[in-house]
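Asker: Take a look at coords12.tsv, TSV, C-alpha atoms:
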chain	number	residue	atom	x	y	z
V	117	MET	CA	27.21	3.58	7.57
V	118	GLY	CA	25.01	3.21	4.56
V	119	LEU	CA	22.79	6.07	5.54
V	120	THR	CA	24.23	9.04	3.78
V	121	TYR	CA	21.64	11.60	2.94
V	122	GLN	CA	22.87	13.62	0.04
V	123	SER	CA	19.80	15.73	0.01
V	124	THR	CA	18.94	17.85	3.00
V	125	GLY	CA	15.37	18.02	1.78
V	126	LYS	CA	14.91	14.39	2.65
V	127	LEU	CA	15.50	14.90	6.32
V	128	ALA	CA	13.85	18.27	6.52
V	129	ASN	CA	10.63	16.66	5.36
V	130	ARG	CA	10.77	14.16	8.18
V	131	GLU	CA	10.38	16.96	10.65
V	132	ALA	CA	6.90	17.63	9.33
V	133	PHE	CA	5.94	14.09	10.32
V	134	ASP	CA	7.30	14.40	13.85
V	135	VAL	CA	9.77	11.53	13.56
V	136	PRO	CA	13.54	11.55	14.20
V	137	VAL	CA	15.51	13.30	11.49
V	138	SER	CA	18.95	11.96	12.35
V	139	ALA	CA	20.48	9.25	10.19
V	140	ASN	CA	21.42	7.41	13.41
V	141	GLU	CA	17.77	7.01	14.36
V	142	PRO	CA	16.20	4.98	11.59
V	143	VAL	CA	12.49	5.28	10.93
V	144	ILE	CA	10.45	2.27	9.85
V	145	ALA	CA	6.91	2.43	8.50
V	146	LEU	CA	4.27	-0.29	8.80
V	147	ALA	CA	1.86	-0.38	5.88
V	148	GLY	CA	-0.84	-2.89	4.97
V	149	ASN	CA	-4.44	-3.58	4.09
V	150	PRO	CA	-7.06	-3.23	6.83
V	151	ASN	CA	-7.33	-6.33	9.05
V	152	THR	CA	-3.92	-7.80	8.36
V	153	GLY	CA	-2.78	-7.38	11.97
V	154	LYS	CA	-0.57	-4.33	11.42
V	155	SER	CA	-1.35	-2.96	14.85
V	156	THR	CA	-0.68	-6.38	16.40
V	157	VAL	CA	2.74	-6.42	14.72
V	158	PHE	CA	3.27	-2.86	15.94
V	159	ASN	CA	2.41	-3.74	19.54
V	160	ALA	CA	4.48	-6.92	19.48
V	161	LEU	CA	7.55	-5.02	18.24
V	162	THR	CA	7.24	-1.92	20.40
V	163	GLY	CA	5.70	-3.49	23.49
V	164	LEU	CA	3.06	-0.78	23.43
V	165	ARG	CA	-0.61	-1.46	23.91
V	166	GLN	CA	-1.96	0.57	21.14
V	167	HIS	CA	-5.60	-0.22	20.75
V	168	THR	CA	-6.37	-2.91	18.24
V	169	GLY	CA	-9.84	-3.14	16.90
V	170	ASN	CA	-11.77	-3.90	13.82
V	171	TRP	CA	-13.41	-0.88	12.37
V	172	PRO	CA	-12.57	1.42	9.52
V	173	GLY	CA	-10.38	4.37	10.29
V	174	LYS	CA	-9.02	2.95	13.54
V	175	THR	CA	-5.53	4.14	12.74
V	176	VAL	CA	-6.23	7.36	10.91
V	177	LEU	CA	-3.67	9.24	12.90
V	178	GLN	CA	-0.25	7.70	12.63
V	179	THR	CA	0.94	6.06	15.82
V	180	LYS	CA	4.59	5.74	16.59
V	181	GLY	CA	6.66	3.76	19.03
V	182	ILE	CA	10.25	2.72	19.48
V	183	PHE	CA	12.02	-0.59	19.75
V	184	ILE	CA	15.62	-1.60	20.25
V	185	HIS	CA	17.27	-4.27	18.14
V	186	GLU	CA	20.88	-5.24	18.78
V	187	GLY	CA	21.52	-2.02	20.70
V	188	GLN	CA	20.13	0.20	17.97
V	189	GLN	CA	17.00	2.24	18.50
V	190	TYR	CA	14.38	2.34	15.75
V	191	THR	CA	11.21	4.41	15.46
V	192	LEU	CA	8.25	2.46	14.14
V	193	VAL	CA	5.27	4.24	12.59
V	194	ASP	CA	1.94	2.44	12.22
V	195	LEU	CA	0.21	3.75	9.10
V	196	PRO	CA	-3.55	3.54	8.50
V	197	GLY	CA	-4.78	0.35	6.85
V	198	THR	CA	-5.38	0.90	3.14
V	199	TYR	CA	-6.03	-1.11	0.00
V	200	SER	CA	-4.11	1.36	-2.09
V	201	LEU	CA	-1.73	4.30	-1.94
V	202	LEU	CA	-3.47	6.27	-4.63
V	203	ALA	CA	-5.03	8.69	-2.20
V	204	ASN	CA	-8.73	8.07	-2.65
V	205	SER	CA	-9.25	8.80	1.04
V	206	VAL	CA	-7.59	10.61	3.92
V	207	ASP	CA	-6.17	7.29	5.19
V	208	GLU	CA	-4.52	6.55	1.89
V	209	GLN	CA	-3.17	10.05	1.64
V	210	VAL	CA	-1.62	9.84	5.12
V	211	ALA	CA	0.03	6.51	4.25
V	212	ARG	CA	1.24	7.72	0.87
V	213	ASP	CA	2.60	11.03	2.13
V	214	PHE	CA	4.53	9.29	4.87
V	215	ILE	CA	6.20	6.76	2.57
V	216	CYS	CA	6.75	9.33	-0.14
V	217	PHE	CA	7.91	12.37	1.84
V	218	ALA	CA	9.11	11.15	5.24
V	219	LYS	CA	11.06	8.50	3.32
V	220	PRO	CA	11.31	5.83	6.03
V	221	ASP	CA	14.56	3.85	6.05
V	222	ALA	CA	12.44	0.75	5.56
V	223	THR	CA	8.77	0.05	5.01
V	224	ILE	CA	7.30	-3.19	6.26
V	225	VAL	CA	4.23	-4.17	4.24
V	226	VAL	CA	2.05	-6.44	6.37
V	227	VAL	CA	-0.09	-8.80	4.29
V	228	ASP	CA	-2.70	-11.38	5.25
V	229	ALA	CA	-1.35	-14.86	4.46
V	230	THR	CA	-4.89	-16.16	3.91
V	231	CYS	CA	-5.64	-13.50	1.37
V	232	LEU	CA	-2.36	-12.81	-0.44
V	233	GLU	CA	-3.82	-11.98	-3.82
V	234	ARG	CA	-5.84	-9.05	-2.51
V	235	ASN	CA	-2.97	-7.80	-0.34
V	236	LEU	CA	-0.14	-7.83	-2.85
V	237	ASN	CA	-1.65	-4.90	-4.76
V	238	LEU	CA	-0.56	-2.57	-1.96
V	239	ALA	CA	2.86	-4.24	-1.73
V	240	LEU	CA	3.41	-3.58	-5.44
V	241	GLN	CA	2.40	0.05	-5.01
V	242	VAL	CA	4.81	0.55	-2.11
V	243	MET	CA	7.57	-1.11	-4.16
V	244	GLU	CA	6.94	1.46	-6.90
V	245	ILE	CA	7.77	4.26	-4.45
V	246	THR	CA	10.68	2.77	-2.54
V	247	GLU	CA	13.12	-0.11	-2.78
V	248	GLN	CA	13.48	-0.27	0.99
V	249	VAL	CA	10.65	-2.76	1.47
V	250	VAL	CA	10.19	-5.90	3.54
V	251	LEU	CA	7.12	-8.09	3.11
V	252	CYS	CA	5.65	-9.46	6.34
V	253	VAL	CA	3.29	-12.34	5.59
V	254	ASN	CA	1.26	-12.21	8.78
V	255	LEU	CA	-1.47	-14.50	10.14
V	256	ILE	CA	0.60	-17.47	9.01
V	257	ASP	CA	-0.94	-19.50	11.86
V	258	GLU	CA	-4.38	-18.86	10.42
V	259	ALA	CA	-3.15	-19.86	6.96
V	260	ARG	CA	-1.76	-23.11	8.36
V	261	ARG	CA	-5.09	-23.84	9.98
V	262	ARG	CA	-6.69	-23.45	6.57
V	263	LYS	CA	-4.07	-25.77	5.04
V	264	LEU	CA	-2.53	-22.95	3.02
V	265	ASN	CA	1.16	-23.29	2.40
V	266	ILE	CA	3.02	-20.04	1.74
V	267	ASP	CA	6.25	-20.41	-0.23
V	268	THR	CA	8.19	-17.38	1.07
V	269	GLY	CA	11.21	-18.27	-1.09
V	270	ALA	CA	9.11	-18.12	-4.25
V	271	LEU	CA	7.57	-14.81	-3.10
V	272	THR	CA	11.03	-13.35	-2.48
V	273	ARG	CA	12.12	-14.34	-5.97
V	274	ALA	CA	8.94	-13.07	-7.62
V	275	LEU	CA	8.92	-9.72	-5.81
V	276	GLY	CA	12.65	-9.12	-5.37
V	277	ILE	CA	12.28	-8.10	-1.71
V	278	PRO	CA	12.82	-9.92	1.62
V	279	VAL	CA	9.77	-11.91	2.72
V	280	VAL	CA	9.18	-13.07	6.31
V	281	ALA	CA	6.27	-15.21	7.55
V	282	THR	CA	4.91	-14.16	10.96
V	283	ALA	CA	2.15	-14.81	13.44
V	284	ALA	CA	2.30	-11.59	15.43
V	285	ARG	CA	-0.21	-12.79	18.05
V	286	SER	CA	2.21	-15.53	19.17
V	287	LYS	CA	5.31	-13.53	18.20
V	288	GLU	CA	6.30	-16.21	15.70
V	289	GLY	CA	8.69	-14.92	13.03
V	290	LEU	CA	9.19	-11.51	14.65
V	291	PRO	CA	12.95	-11.98	15.31
V	292	GLN	CA	13.40	-12.80	11.62
V	293	LEU	CA	11.30	-9.79	10.65
V	294	LEU	CA	13.52	-7.49	12.75
V	295	GLU	CA	16.61	-9.09	11.31
V	296	SER	CA	15.53	-8.58	7.68
V	297	THR	CA	14.31	-5.05	8.36
V	298	ALA	CA	17.57	-4.04	10.06
V	299	LYS	CA	19.52	-5.45	7.12
V	300	VAL	CA	17.46	-3.38	4.71
V	301	VAL	CA	17.85	-0.24	6.86
V	302	TRP	CA	21.64	-0.61	7.01
V	303	LYS	CA	21.85	-1.62	3.35
V	304	LYS	CA	23.18	-5.08	4.12
V	305	ILE	CA	20.42	-6.32	1.89
V	306	LYS	CA	19.55	-4.24	-1.12
V	307	PRO	CA	16.04	-5.17	-2.29
V	308	ARG	CA	15.52	-5.08	-6.03
V	309	PRO	CA	11.77	-4.88	-6.43
V	310	ASN	CA	10.35	-6.39	-9.61
V	311	LEU	CA	8.16	-3.55	-10.76
V	312	VAL	CA	4.95	-3.76	-12.71
V	313	GLN	CA	5.49	-3.14	-16.41
V	314	TYR	CA	2.56	-1.30	-17.96
V	315	ILE	CA	1.25	-1.42	-21.51
V	316	PRO	CA	3.67	-0.02	-24.14
V	317	GLU	CA	1.73	3.27	-24.50
V	318	VAL	CA	2.05	3.98	-20.76
V	319	GLU	CA	5.70	2.97	-20.64
V	320	ALA	CA	6.43	5.23	-23.62
V	321	ALA	CA	4.77	8.18	-21.88
V	322	VAL	CA	6.66	7.43	-18.66
V	323	SER	CA	10.00	7.36	-20.46
V	324	LEU	CA	9.21	10.82	-21.86
V	325	LEU	CA	8.20	12.26	-18.49
V	326	GLU	CA	10.70	10.57	-16.20
V	327	PRO	CA	13.86	12.46	-17.25
V	328	LYS	CA	12.03	15.79	-16.86
V	329	VAL	CA	10.72	14.93	-13.41
V	330	LYS	CA	14.19	13.74	-12.46
V	331	ALA	CA	15.74	17.00	-13.62
V	332	LEU	CA	13.39	18.94	-11.33
V	333	LEU	CA	13.14	16.81	-8.21
V	334	GLY	CA	16.25	14.65	-8.53
V	335	ASN	CA	16.09	11.13	-7.20
V	336	ASP	CA	14.64	12.33	-3.94
V	337	ILE	CA	11.30	10.80	-4.76
V	338	ASN	CA	11.15	7.98	-7.26
V	339	PRO	CA	10.77	9.79	-10.63
V	340	ARG	CA	9.09	6.80	-12.29
V	341	TRP	CA	6.42	6.76	-9.62
V	342	ILE	CA	5.84	10.54	-9.84
V	343	SER	CA	5.56	10.22	-13.62
V	344	LEU	CA	2.96	7.47	-13.30
V	345	ARG	CA	0.90	9.58	-10.89
V	346	LEU	CA	1.12	12.59	-13.19
V	347	LEU	CA	-0.23	10.39	-15.99
V	348	ASP	CA	-3.03	9.38	-13.62
V	349	GLY	CA	-3.81	13.07	-13.20
V	350	ASP	CA	-3.40	12.71	-9.44
V	351	ILE	CA	-4.20	16.18	-8.09
V	352	THR	CA	-3.66	15.19	-4.44
V	353	LEU	CA	-0.04	14.29	-5.18
V	354	ILE	CA	0.61	17.61	-6.87
V	355	LYS	CA	-0.84	19.36	-3.80
V	356	ALA	CA	1.37	17.27	-1.51
V	357	LEU	CA	4.42	18.09	-3.65
V	358	GLU	CA	3.61	21.77	-3.32
V	359	LYS	CA	3.44	21.39	0.44
V	360	PHE	CA	6.81	19.65	0.72
V	361	TYR	CA	8.80	21.12	-2.13
V	362	GLY	CA	7.49	24.63	-2.47
V	363	GLN	CA	5.22	26.02	-5.15
V	364	GLN	CA	7.91	27.17	-7.56
V	365	LYS	CA	9.36	23.76	-8.28
V	366	VAL	CA	5.96	22.21	-8.57
V	367	LYS	CA	4.86	24.86	-10.99
V	368	SER	CA	7.63	23.63	-13.25
V	369	VAL	CA	6.43	20.06	-12.77
V	370	ARG	CA	2.96	21.14	-13.81
V	371	GLU	CA	4.39	22.86	-16.85
V	372	VAL	CA	6.31	19.72	-17.80
V	373	PHE	CA	3.09	17.80	-17.49
V	374	ALA	CA	1.14	20.27	-19.61
Y	161	MET	CA	-27.46	-17.85	-18.28
Y	162	TYR	CA	-28.61	-14.30	-18.76
Y	163	GLY	CA	-26.67	-11.46	-20.30
Y	164	SER	CA	-24.69	-8.85	-18.50
Y	165	THR	CA	-26.05	-6.72	-15.69
Y	166	THR	CA	-24.51	-4.39	-13.14
Y	167	LEU	CA	-23.18	-5.49	-9.76
Y	168	ASN	CA	-25.86	-3.62	-7.80
Y	169	SER	CA	-28.68	-5.57	-9.46
Y	170	ALA	CA	-27.23	-9.06	-8.89
Y	171	PRO	CA	-29.41	-10.98	-6.39
Y	172	VAL	CA	-28.23	-11.68	-2.84
Y	173	GLY	CA	-26.52	-15.08	-2.63
Y	174	SER	CA	-25.49	-15.10	-6.27
Y	175	PHE	CA	-21.98	-15.27	-7.70
Y	176	VAL	CA	-21.02	-13.07	-10.61
Y	177	LEU	CA	-17.94	-12.42	-12.73
Y	178	VAL	CA	-16.70	-8.89	-13.30
Y	179	LYS	CA	-16.78	-8.06	-16.98
Y	180	GLU	CA	-15.92	-4.38	-17.04
Y	181	VAL	CA	-15.51	-1.34	-14.79
Y	182	ASN	CA	-17.32	1.58	-16.42
Y	183	ALA	CA	-15.88	4.40	-14.38
Y	184	GLU	CA	-13.11	6.89	-14.87
Y	185	GLY	CA	-10.52	8.54	-12.69
Y	186	LEU	CA	-10.52	8.01	-8.94
Y	187	THR	CA	-13.69	5.90	-8.85
Y	188	ARG	CA	-12.22	3.52	-11.41
Y	189	ARG	CA	-8.94	3.35	-9.54
Y	190	ARG	CA	-10.73	2.69	-6.26
Y	191	LEU	CA	-12.86	-0.13	-7.68
Y	192	LEU	CA	-9.78	-1.73	-9.25
Y	193	ASP	CA	-7.83	-1.38	-5.99
Y	194	LEU	CA	-10.61	-3.15	-4.14
Y	195	GLY	CA	-9.99	-6.09	-6.46
Y	196	LEU	CA	-12.80	-5.57	-8.99
Y	197	VAL	CA	-10.75	-6.33	-12.07
Y	198	PRO	CA	-12.28	-8.15	-15.06
Y	199	GLY	CA	-12.62	-11.87	-14.38
Y	200	THR	CA	-12.95	-11.53	-10.60
Y	201	ARG	CA	-15.63	-13.72	-9.01
Y	202	VAL	CA	-17.80	-11.78	-6.57
Y	203	GLU	CA	-20.40	-13.07	-4.11
Y	204	VAL	CA	-23.35	-10.87	-3.22
Y	205	ILE	CA	-23.56	-11.27	0.55
Y	206	ARG	CA	-26.35	-9.04	1.79
Y	207	ARG	CA	-28.27	-5.91	1.21
Y	208	SER	CA	-28.76	-3.27	3.89
Y	209	PRO	CA	-32.37	-2.65	4.98
Y	210	VAL	CA	-32.83	0.25	2.61
Y	211	GLY	CA	-31.14	-1.62	-0.22
Y	212	ASP	CA	-28.00	0.49	-0.27
Y	213	PRO	CA	-25.14	-0.22	0.37
Y	214	ILE	CA	-24.70	-3.87	-0.58
Y	215	ALA	CA	-22.01	-6.12	0.89
Y	216	PHE	CA	-19.90	-8.24	-1.45
Y	217	ASN	CA	-17.19	-10.82	-0.93
Y	218	ILE	CA	-14.39	-9.63	-3.19
Y	219	ARG	CA	-11.26	-11.76	-3.20
Y	220	GLY	CA	-11.63	-12.81	0.41
Y	221	ALA	CA	-12.71	-9.52	1.98
Y	222	VAL	CA	-16.28	-8.38	2.63
Y	223	ILE	CA	-16.69	-4.92	1.20
Y	224	ALA	CA	-19.83	-2.77	1.12
Y	225	LEU	CA	-20.36	-0.60	-1.92
Y	226	ARG	CA	-22.91	2.10	-2.59
Y	227	GLN	CA	-25.13	1.99	-5.67
Y	228	GLU	CA	-23.17	4.81	-7.27
Y	229	GLU	CA	-20.07	2.58	-7.23
Y	230	SER	CA	-21.57	-0.88	-7.73
Y	231	SER	CA	-23.70	0.33	-10.66
Y	232	LYS	CA	-20.48	1.10	-12.56
Y	233	VAL	CA	-19.41	-2.54	-12.58
Y	234	THR	CA	-20.74	-4.73	-15.38
Y	235	VAL	CA	-20.98	-8.39	-14.42
Y	236	ILE	CA	-22.10	-11.69	-15.92
Y	237	ASP	CA	-23.64	-14.69	-14.21
Y	238	SER	CA	-21.07	-17.06	-12.75
Is it possible to express this structure as structure tokens?
Answerer:
Amino acid sequence: MGLTYQSTGKLANREAFDVPVSANEPVIALAGNPNTGKSTVFNALTGLRQHTGNWPGKTVLQTKGIFIHEGQQYTLVDLPGTYSLLANSVDEQVARDFICFAKPDATIVVVDATCLERNLNLALQVMEITEQVVLCVNLIDEARRRKLNIDTGALTRALGIPVVATAARSKEGLPQLLESTAKVVWKKIKPRPNLVQYIPEVEAAVSLLEPKVKALLGNDINPRWISLRLLDGDITLIKALEKFYGQQKVKSVREVFA
Amino acid sequence: MYGSTTLNSAPVGSFVLVKEVNAEGLTRRRLLDLGLVPGTRVEVIRRSPVGDPIAFNIRGAVIALRQEESSKVTVIDS
């Protein structure tokens, strides 16, 4: 099938996150802002009764469950709710490290349909790390009640990734969400995320850094994204790279940066 | 219409527009991620009993910020 892992490092890293490492057992991550109903989506898909509640840090530890879709078993990981993946807090670091290093076969970004503008920031950040993204526009029932009409077709075109509207509480849209996610996992749909283009100065710096990062780490982790974080001076990412790739390689990354 | 002030000194119940985020590094990134980009309309919802933190409605989410963060955001009357 489409899941050929050229790099052994990719799967080895999954072990550290306690999720299946075999290509036949796809891993799917659930990311999203706080209060978008991520845990409700998680429970609806896995049939688990993980506690849902409204307070910060509810899902600090990643929770995982399994579901079966068309005879295939998938592992679903519920990441902490965050506004960003830039590792300002432990929650954000957990979410970022999982997407970046465990490299899920697909990441579902759950967004609040009544509050799209605020939520799409995270979606864009996830899209910068991985192409394997599905957007789940949740709370669509609430949006309808507020007379908000979400044009999922326009969102798909603008973002370049599959978009599914759901109301997880009533299970509306969940079959379509599973369908799109499975297609992304098995490469039957190849999302082409429209990435943010930065100001010319930043893009120029990225184009200098990117080939060097690529030479060191390969395409294992998106070199453009790593370059952007290096330009940010993101120390937490360098530390995480050291943890997953060994100090020697990262020393070279640091040298490239210097 | 008065001139610019910082987010922490805007009165409860008022609406302001973000003019500038005067922070660097992680704090800047965090404020931007929360939606405090120039031009954003923010409502000052309430102040905690000791005056810090203050709750704001930022792009549809209520978010409480401490003085050390909210004082870095320059705003104008909306």
Asker: With distances taken over all atoms listed in the file, which residue among V:Ala147, V:Ala222, V:Val279, V:Leu240 lies nearest chain Y?
Answerer: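 The answer is V:Leu240, which sits nearest to chain Y.
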Asker: Do a neighbour search on Leu194 in chain Y at 9 Å with all atoms listed in the file, toss out local chain neighbours closer than 2 positions, and write the hits as a count of residues only.
Answerer: 12
Asker: Provide as a list in words the residues of chain V at most 10 Å from chain Y, counting all atoms listed in the file.
Answerer: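 The answer, sorted by residue number, is Pro150, Asn151, Thr198, Tyr199, Ser200, Leu201, Leu202, Ala203, Asn204, Ser205, Thr230, Cys231, Leu232, Glu233, Arg234, Asn235, Asn237, Leu238, Asp348, Gly349 and Asp350 of chain V.
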Asker: Tell me which of V:Thr152, V:Thr352, V:Gln241, V:Gln188 sits closest to Glu295 in chain V, counting only C-alpha atoms.
Answerer: V:Gln188
Asker: Every residue with an atom at most 10 Å from (-22.5, 0.9, -6.9) (file coordinates; all atoms listed in the file) is what I'm after, so could you write them as number ranges by chain?
Answerer: Y: 166-169, 191, 212-214, 224-233
Asker: Draw an axis-aligned box over all listed atoms of range 203-218 of chain Y, pad each side with 8 Å, and write its centre and edge lengths in Å, one decimal, as JSON.
Answerer:
{"center_x": -23.6, "center_y": -6.3, "center_z": 0.4, "size_x": 34.4, "size_y": 29.6, "size_z": 25.1}
Asker: One number please: CA of Leu255 in chain V to CA of Ala283 in chain V, in Å, one decimal.
Answerer: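 So the two atoms, CA of Leu255 in chain V and CA of Ala283 in chain V, lie 4.9 Å apart.
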Asker: Would you work out the distance separating CA of Ala215 in chain Y from CA of Lys179 in chain Y, expressed in Å to one decimal?
Answerer: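 Spanning CA of Ala215 in chain Y to CA of Lys179 in chain Y is a straight-line distance of 18.7 Å.
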Asker: If you measure from CA of Leu294 in chain V to CA of Phe217 in chain V, what distance in Å do you get, rounded to one decimal?
Answerer: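 Those two atoms sit 23.3 Å apart.
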Asker: Smallest atom-to-atom distance to Ser323 in chain V: which of V:Leu146, V:Ser343, V:Gly187, V:Ile337, using all atoms listed in the file?
Answerer: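 The answer is V:Ser343, which sits nearest to Ser323 in chain V.
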Asker: Which residues are near Asp194 in chain V? Cut-off 8 Å, only C-alpha atoms, ignore same chain within fewer than 3 positions. Put them as a PyMOL selection string.
Answerer: chain V and resi 145-147+154-155+158+175+178-180
Asker: Tell me which of Y:Val172, Y:Ala183, Y:Val178, Y:Val204 sits closest to Val222 in chain Y, counting only C-alpha atoms.
Answerer: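 Ranking Y:Val172, Y:Ala183, Y:Val178, Y:Val204 by distance to Val222 in chain Y, first place goes to Y:Val204.
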